[in-house]
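**Student:** Following this line is input-v3.cif, made up of mmCIF, C-alpha atoms:
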```
data_query
#
loop_
_atom_site.group_PDB
_atom_site.id
_atom_site.type_symbol
_atom_site.label_atom_id
_atom_site.label_comp_id
_atom_site.auth_asym_id
_atom_site.auth_seq_id
_atom_site.Cartn_x
_atom_site.Cartn_y
_atom_site.Cartn_z
ATOM 1 C CA MET O 14 -31.509 11.446 20.694
ATOM 2 C CA GLU O 15 -29.520 9.064 18.524
ATOM 3 C CA LEU O 16 -25.850 8.485 19.202
ATOM 4 C CA SER O 17 -23.305 9.098 16.495
ATOM 5 C CA LYS O 18 -21.130 6.263 15.227
ATOM 6 C CA ARG O 19 -18.142 7.646 17.110
ATOM 7 C CA GLU O 20 -20.079 7.727 20.408
ATOM 8 C CA LYS O 21 -21.330 4.167 19.816
ATOM 9 C CA ASP O 22 -17.766 3.030 19.171
ATOM 10 C CA LYS O 23 -16.594 4.684 22.398
ATOM 11 C CA GLU O 24 -19.351 2.963 24.369
ATOM 12 C CA TYR O 25 -18.597 -0.372 22.715
ATOM 13 C CA TRP O 26 -14.876 -0.191 23.487
ATOM 14 C CA ALA O 27 -15.519 0.936 27.063
ATOM 15 C CA GLU O 28 -17.761 -2.101 27.564
ATOM 16 C CA TYR O 29 -15.267 -4.364 25.784
ATOM 17 C CA MET O 30 -12.409 -3.216 28.008
ATOM 18 C CA LYS O 31 -14.519 -3.847 31.112
ATOM 19 C CA ARG O 32 -15.077 -7.440 29.988
ATOM 20 C CA ARG O 33 -11.880 -8.370 28.169
ATOM 21 C CA GLY O 34 -9.204 -5.743 28.759
ATOM 22 C CA PHE O 35 -7.719 -7.332 31.839
ATOM 23 C CA VAL O 36 -5.911 -10.498 32.758
ATOM 24 C CA THR O 37 -8.548 -12.842 34.134
ATOM 25 C CA PRO O 38 -6.925 -15.974 35.541
ATOM 26 C CA LYS O 39 -9.236 -18.964 35.306
ATOM 27 C CA ILE O 40 -8.585 -21.832 37.676
ATOM 28 C CA ASP O 41 -9.413 -25.084 35.906
ATOM 29 C CA ALA O 42 -9.793 -28.142 38.147
ATOM 30 C CA SER O 43 -8.865 -30.517 35.328
ATOM 31 C CA LYS O 44 -5.383 -28.995 34.952
ATOM 32 C CA THR O 45 -3.117 -30.419 37.594
ATOM 33 C CA GLY O 46 -0.007 -28.450 36.698
ATOM 34 C CA ILE O 47 1.457 -25.783 34.490
ATOM 35 C CA ARG O 48 3.893 -27.427 32.125
ATOM 36 C CA ASP O 49 4.912 -24.556 29.888
ATOM 37 C CA LEU O 50 4.470 -20.868 29.133
ATOM 38 C CA LYS O 51 1.638 -21.493 26.668
ATOM 39 C CA VAL O 52 -0.537 -23.119 29.348
ATOM 40 C CA PHE O 53 0.218 -20.241 31.737
ATOM 41 C CA CYS O 54 -0.732 -17.594 29.161
ATOM 42 C CA ASN O 55 -3.932 -19.484 28.322
ATOM 43 C CA MET O 56 -4.798 -19.382 32.027
ATOM 44 C CA LEU O 57 -4.226 -15.611 32.057
ATOM 45 C CA PHE O 58 -6.402 -14.963 29.008
ATOM 46 C CA PRO O 59 -9.033 -17.739 29.065
ATOM 47 C CA PHE O 60 -11.536 -15.697 27.054
ATOM 48 C CA ASN O 61 -9.150 -14.589 24.327
ATOM 49 C CA PRO O 62 -6.712 -17.126 22.871
ATOM 50 C CA ARG O 63 -5.226 -14.491 20.542
ATOM 51 C CA LYS O 64 -4.100 -12.362 23.490
ATOM 52 C CA ALA O 65 -2.736 -15.472 25.195
ATOM 53 C CA GLU O 66 -0.674 -16.156 22.079
ATOM 54 C CA LEU O 67 0.605 -12.557 22.014
ATOM 55 C CA ALA O 68 1.468 -12.600 25.729
ATOM 56 C CA GLU O 69 3.483 -15.746 25.160
ATOM 57 C CA ALA O 70 5.227 -14.063 22.217
ATOM 58 C CA VAL O 71 6.098 -11.041 24.394
ATOM 59 C CA PHE O 72 7.706 -13.231 27.065
ATOM 60 C CA ARG O 73 9.539 -15.375 24.509
ATOM 61 C CA GLU O 74 10.857 -12.258 22.781
ATOM 62 C CA MET O 75 12.079 -10.896 26.126
ATOM 63 C CA SER O 76 13.853 -14.189 26.674
ATOM 64 C CA ARG O 77 15.390 -14.035 23.210
ATOM 65 C CA LEU O 78 16.662 -10.520 23.938
ATOM 66 C CA ARG O 79 17.927 -11.735 27.348
ATOM 67 C CA THR O 80 16.538 -8.732 29.136
ATOM 68 C CA THR O 81 14.115 -7.983 31.943
ATOM 69 C CA LYS O 82 13.489 -4.398 30.786
ATOM 70 C CA VAL O 83 11.791 -3.753 27.483
ATOM 71 C CA GLU O 84 9.721 -1.178 25.612
ATOM 72 C CA LEU O 85 6.885 -2.408 23.475
ATOM 73 C CA TYR O 86 7.148 -0.205 20.410
ATOM 74 C CA ARG O 87 10.898 0.166 20.230
ATOM 75 C CA ASP O 88 11.932 -3.399 21.029
ATOM 76 C CA LEU O 89 9.074 -5.852 20.599
ATOM 77 C CA ALA O 90 6.184 -4.620 18.506
ATOM 78 C CA PRO O 91 7.609 -4.662 14.967
ATOM 79 C CA ARG O 92 8.859 -8.220 15.239
ATOM 80 C CA ILE O 93 5.763 -9.616 16.990
ATOM 81 C CA ILE O 94 3.351 -7.903 14.605
ATOM 82 C CA ARG O 95 5.255 -9.268 11.633
ATOM 83 C CA GLU O 96 5.606 -12.814 12.987
ATOM 84 C CA LYS O 97 2.145 -13.231 14.537
ATOM 85 C CA ARG O 98 0.290 -11.141 11.934
ATOM 86 C CA CYS O 99 -1.684 -9.236 14.510
ATOM 87 C CA SER O 100 -2.863 -5.673 14.721
ATOM 88 C CA ALA O 101 -0.985 -3.099 16.752
ATOM 89 C CA ARG O 102 -4.171 -2.486 18.738
ATOM 90 C CA THR O 103 -4.466 -6.107 19.877
ATOM 91 C CA LEU O 104 -0.813 -6.174 20.862
ATOM 92 C CA SER O 105 -1.208 -2.888 22.719
ATOM 93 C CA GLN O 106 -4.267 -4.179 24.605
ATOM 94 C CA THR O 107 -2.367 -7.324 25.564
ATOM 95 C CA TRP O 108 0.606 -5.231 26.739
ATOM 96 C CA LYS O 109 -1.649 -2.981 28.836
ATOM 97 C CA ALA O 110 -3.380 -6.005 30.369
ATOM 98 C CA LEU O 111 0.018 -7.427 31.373
ATOM 99 C CA LEU O 112 0.927 -4.076 32.946
ATOM 100 C CA ARG O 113 -2.382 -3.839 34.822
ATOM 101 C CA SER O 114 -2.079 -7.389 36.110
ATOM 102 C CA GLY O 115 1.325 -6.788 37.635
ATOM 103 C CA LEU O 116 3.224 -9.268 35.457
ATOM 104 C CA LEU O 117 5.057 -6.309 33.970
ATOM 105 C CA TYR O 118 5.940 -3.269 36.037
ATOM 106 C CA ARG O 119 6.785 0.276 35.087
ATOM 107 C CA ALA O 120 7.892 2.821 37.701
ATOM 108 C CA ARG O 121 7.131 5.833 35.518
ATOM 109 C CA ARG O 122 5.199 6.255 32.332
ATOM 110 C CA ASN O 123 8.123 6.605 29.937
ATOM 111 C CA GLU O 124 10.345 3.948 31.468
ATOM 112 C CA PRO O 125 10.710 0.517 29.932
ATOM 113 C CA ALA O 126 8.556 -2.173 31.513
ATOM 114 C CA ARG O 127 10.266 -4.913 33.480
ATOM 115 C CA LEU O 128 9.274 -8.286 34.825
ATOM 116 C CA SER O 129 7.750 -8.056 38.273
ATOM 117 C CA ASP O 130 7.320 -10.416 41.183
ATOM 118 C CA THR O 131 4.253 -8.491 42.386
ATOM 119 C CA PHE O 132 1.943 -10.861 40.517
ATOM 120 C CA SER O 133 3.305 -13.952 42.268
ATOM 121 C CA ASN O 134 3.252 -12.211 45.657
ATOM 122 C CA ARG O 135 -0.406 -11.250 45.177
ATOM 123 C CA LEU O 136 -1.355 -14.772 44.096
ATOM 124 C CA GLU O 137 0.303 -16.186 47.217
ATOM 125 C CA MET O 138 -1.562 -13.644 49.349
ATOM 126 C CA ILE O 139 -4.895 -14.614 47.699
ATOM 127 C CA ALA O 140 -4.125 -18.321 48.171
ATOM 128 C CA ASP O 141 -3.383 -17.810 51.870
ATOM 129 C CA TYR O 142 -6.585 -15.792 52.314
ATOM 130 C CA TRP O 143 -8.647 -18.462 50.557
ATOM 131 C CA ARG O 144 -7.186 -21.207 52.789
ATOM 132 C CA GLU O 145 -8.215 -19.205 55.865
ATOM 133 C CA VAL O 146 -11.716 -18.591 54.468
ATOM 134 C CA MET O 147 -12.137 -22.306 53.732
ATOM 135 C CA LYS O 148 -11.249 -23.127 57.354
ATOM 136 C CA ALA O 149 -13.682 -20.476 58.637
ATOM 137 C CA ILE O 150 -16.514 -21.783 56.437
ATOM 138 C CA GLU O 151 -15.948 -25.372 57.592
ATOM 139 C CA GLU O 152 -16.006 -24.260 61.241
ATOM 140 C CA GLY O 153 -19.048 -22.016 60.736
ATOM 141 C CA GLU O 154 -17.222 -18.850 61.790
ATOM 142 C CA LEU O 155 -17.552 -16.771 58.669
#
```
Reformat the file's structure so that it appears as structure tokens.

**Tutor:**
Amino acid sequence: MELSKREKDKEYWAEYMKRRGFVTPKIDASKTGIRDLKVFCNMLFPFNPRKAELAEAVFREMSRLRTTKVELYRDLAPRIIREKRCSARTLSQTWKALLRSGLLYRARRNEPARLSDTFSNRLEMIADYWREVMKAIEEGEL
């Protein structure tokens, strides 16, 4: 049985979101420090420079508005789409990836998103775990 175009599109986007719909931090040994927001966003989206650019634009726009709470379509989207010449879909996927990663937090569905410290807390927890695992591997106790 042959799949219709709509079903193929659904399968394609489901596979795409599995691969690219999330923040995937890539630790690069050659980078010794994070100097600016652009480098940080490129670390978050190593496979998609366009989304890294849009994530940076979201944070810069929040800074320009001097707010920690923001809604995408009311506050940010029109300006970012116009300035960066991107599609609403790409911006929406970037926004959702930032929400899923914990960089942005929303208590309820219809509330504005706000900056969150959950992401940094989780990274510290992962770093501590990895330090302990490295010690266990070196001692042969894993």

**Student:** List, as JSON, numbers by chain, every residue that the PyMOL selection byres ((chain O and resi 74) around 10) selects in the file provided.

**Tutor:** {"O": [68, 69, 70, 71, 72, 73, 75, 76, 77, 78, 79, 80, 83, 88, 89, 90, 92, 93]}

**Student:** For O:Ala126, which of O:Lys82, O:Lys39, O:Arg95, O:Arg19 is the closest residue, counting only C-alpha atoms?

**Tutor:**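 Once distances to O:Ala126 are computed over only C-alpha atoms, the minimum belongs to O:Lys82.
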
**Student:** Separation of atom CA of O:Met147 and atom CA of O:Phe132, in Å?

**Tutor:** 22.4 Å

**Student:** For a quick check of understanding, using all atoms listed in the file, which of O:Arg63, O:Arg119, O:Arg113, O:Arg127 has the smallest distance to O:Lys97?

**Tutor:**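 Under the stated criterion, the closest residue is O:Arg63.
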
**Student:** Write out as a short mmCIF file (atom, residue, chain, number, x, y, z; two decimals) with C-alpha atoms, in the frame of the given file the residues lying within 8 Å of O:Thr103, counting all atoms listed in the file and excluding same-chain residues fewer than 4 positions away.

**Tutor:**
```cif
data_model
loop_
_atom_site.label_atom_id
_atom_site.label_comp_id
_atom_site.auth_asym_id
_atom_site.auth_seq_id
_atom_site.Cartn_x
_atom_site.Cartn_y
_atom_site.Cartn_z
CA LYS O 64 -4.10 -12.36 23.49
CA CYS O 99 -1.68 -9.24 14.51
CA THR O 107 -2.37 -7.32 25.56
#
```

**Student:** Rounded to one decimal, what separation in Å do you get between atom CA of O:Leu116 and atom CA of O:Lys23?

**Tutor:**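 Atom CA of O:Lys23 lies 27.5 Å from atom CA of O:Leu116.
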
**Student:** Between O:Ile40, O:Met56, O:Ala27, O:Leu117, single out the one closest to O:Leu85, counting all atoms listed in the file.

**Tutor:**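 Among the listed residues, the smallest separation from O:Leu85 belongs to O:Leu117.
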
**Student:** Rounded to one decimal, what separation in Å do you get between atom CA of O:Pro91 and atom CA of O:Gln106?

**Tutor:**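 Calculated distance between atom CA of O:Pro91 and atom CA of O:Gln106 is 15.3 Å.
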
**Student:** Using only C-alpha atoms for the distances, tell me which of O:Leu111, O:Ala65, O:Ile150, O:Val36 is nearest to O:Leu50.

**Tutor:**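 So, comparing all the options, the nearest one is O:Ala65.
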
**Student:** Can you work out which one of O:Gly115, O:Glu28, O:Ala149, O:Arg98 has the shortest atom-to-atom distance to O:Leu136, counting all atoms listed in the file?

**Tutor:** O:Gly115

**Student:** My list of candidates is O:Leu128, O:Ala140, O:Ala110, O:Leu67. Which is closest to O:Thr37 when distances are computed with all atoms listed in the file?

**Tutor:**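 The answer is O:Ala110, which sits nearest to O:Thr37.
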
**Student:** (-9.8, -14.4, 30.6) in this file's frame - what residues fall within 6 Å of it? Use only C-alpha atoms and give the answer as a PyMOL selection string.

**Tutor:** chain O and resi 36-38+57-60
